[in-house]
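Asker: The following file, model.csv, comprises CSV, C-alpha atoms:
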```csv
chain,number,residue,atom,x,y,z
A,1,MET,CA,0.0,0.0,0.0
A,2,PRO,CA,1.5,3.3,-1.0
A,3,LEU,CA,2.2,5.9,1.7
A,4,PRO,CA,0.2,9.1,1.6
A,5,LEU,CA,1.9,12.0,0.0
A,6,SER,CA,0.7,14.6,2.5
A,7,LYS,CA,4.1,14.9,4.1
A,8,GLU,CA,5.8,15.6,0.7
A,9,ILE,CA,3.0,18.1,-0.2
A,10,GLU,CA,3.5,20.0,3.0
A,11,GLU,CA,7.3,20.0,2.6
A,12,CYS,CA,6.9,21.5,-0.9
A,13,ARG,CA,4.6,24.2,0.4
A,14,ALA,CA,7.1,25.0,3.2
A,15,HIS,CA,9.9,25.3,0.6
A,16,ALA,CA,7.7,27.5,-1.5
A,17,ALA,CA,6.9,29.8,1.5
A,18,HIS,CA,10.6,30.0,2.3
A,19,CYS,CA,11.4,31.1,-1.3
A,20,ALA,CA,8.6,33.7,-1.1
A,21,ARG,CA,10.1,35.1,2.0
A,22,GLN,CA,13.6,35.2,0.5
A,23,ALA,CA,12.3,36.9,-2.6
A,24,LYS,CA,10.7,39.6,-0.5
A,25,SER,CA,13.9,40.2,1.6
A,26,THR,CA,16.4,40.5,-1.2
A,27,THR,CA,17.2,43.8,-2.9
A,28,CYS,CA,18.7,42.2,-6.1
A,29,PRO,CA,16.1,41.9,-8.8
A,30,ASP,CA,17.8,38.9,-10.5
A,31,ILE,CA,17.9,37.0,-7.2
A,32,ARG,CA,14.3,38.0,-6.4
A,33,GLU,CA,13.2,36.6,-9.7
A,34,ASP,CA,15.1,33.4,-9.1
A,35,PHE,CA,13.4,32.9,-5.7
A,36,ARG,CA,10.0,33.6,-7.3
A,37,ARG,CA,10.7,30.9,-10.0
A,38,LEU,CA,11.7,28.5,-7.3
A,39,GLU,CA,8.6,29.2,-5.3
A,40,GLN,CA,6.4,28.5,-8.4
A,41,ASN,CA,8.4,25.3,-9.0
A,42,TRP,CA,7.8,24.1,-5.4
A,43,LEU,CA,4.1,24.9,-5.7
A,44,GLN,CA,3.9,23.0,-9.0
A,45,LEU,CA,5.6,20.0,-7.4
A,46,ALA,CA,3.1,20.1,-4.6
A,47,ARG,CA,0.2,20.1,-7.1
A,48,SER,CA,1.8,17.2,-8.9
A,49,TYR,CA,1.9,15.2,-5.7
A,50,GLU,CA,-1.8,16.1,-5.1
A,51,VAL,CA,-2.8,14.8,-8.5
A,52,ALA,CA,-0.7,11.6,-8.0
A,53,GLN,CA,-2.4,11.2,-4.6
A,54,GLN,CA,-5.8,11.5,-6.2
A,55,ILE,CA,-4.9,8.8,-8.8
A,56,VAL,CA,-3.6,6.4,-6.2
A,57,SER,CA,-6.2,7.1,-3.5
A,58,PRO,CA,-9.3,8.6,-5.1
A,59,GLY,CA,-11.1,8.9,-1.8
A,60,THR,CA,-8.5,11.2,-0.3
A,61,LYS,CA,-9.3,14.9,0.2
A,62,SER,CA,-7.3,17.5,-1.7
A,63,ASP,CA,-7.8,21.0,-3.0
A,64,ASN,CA,-10.7,20.1,-5.3
A,65,ARG,CA,-13.3,22.8,-5.8
A,66,ASN,CA,-16.9,22.3,-7.0
A,67,ASP,CA,-17.9,24.3,-10.1
A,68,GLY,CA,-21.5,24.7,-8.8
A,69,ASN,CA,-22.8,21.9,-11.0
A,70,GLY,CA,-21.5,19.1,-8.9
A,71,SER,CA,-18.3,18.7,-10.9
A,72,PRO,CA,-15.1,19.1,-9.1
A,73,GLN,CA,-12.4,21.4,-10.4
A,74,ARG,CA,-8.8,21.2,-9.5
A,75,SER,CA,-7.1,24.5,-9.1
A,76,GLY,CA,-4.0,25.2,-11.2
A,77,LEU,CA,-4.8,22.6,-13.8
A,78,ALA,CA,-5.8,23.5,-17.4
```
Any chance you could put this one into structure tokens?

Answerer:
Amino acid sequence: MPLPLSKEIEECRAHAAHCARQAKSTTCPDIREDFRRLEQNWLQLARSYEVAQQIVSPGTKSDNRNDGNGSPQRSGLA
């Protein structure tokens, strides 16, 4: 039985938050942009883990939203 990915998802979000703080605290525009890209990469990895978790364990709660017609929508996915 696969392990839940919740720990990995939370770690990715923590790394993203750290990058966001670093981006805000630096004065160098190039470094700020690097940290913002890293933040987005960490958030994308967290979303990928969430999708993988849904595939492996469809009954697990995630950041799904309802479109008002009973159909769930995942945020960040096209």

Asker: Could you please determine the separation between CA of Ala46 (chain A) and CA of Ile31 (chain A) in Å, to one decimal place?

Answerer: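 Computing it gives 22.6 Å between the two atoms.
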
Asker: Can you measure CA of Asp34 (chain A) to CA of Ala14 (chain A) for me? One decimal in Å is fine.

Answerer: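 Interatomic distance, CA of Asp34 (chain A) to CA of Ala14 (chain A): 16.9 Å.
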
Asker: Could you tell me how far CA of Glu50 (chain A) lies from CA of His15 (chain A), in Å and to one decimal?

Answerer: 15.9 Å

Asker: Using only C-alpha atoms, can you list as number ranges by chain the residues within 12 Å of (2.1, 24.0, -4.5)?

Answerer: A: 6, 8-17, 38-51, 62-63, 75-77

Asker: Ranking A:Arg21, A:Glu33, A:Thr27, A:Leu5 by minimum distance to Val56 (chain A) and counting all atoms listed in the file, which one comes first?

Answerer: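 Using all atoms listed in the file, the shortest distance to Val56 (chain A) belongs to A:Leu5.
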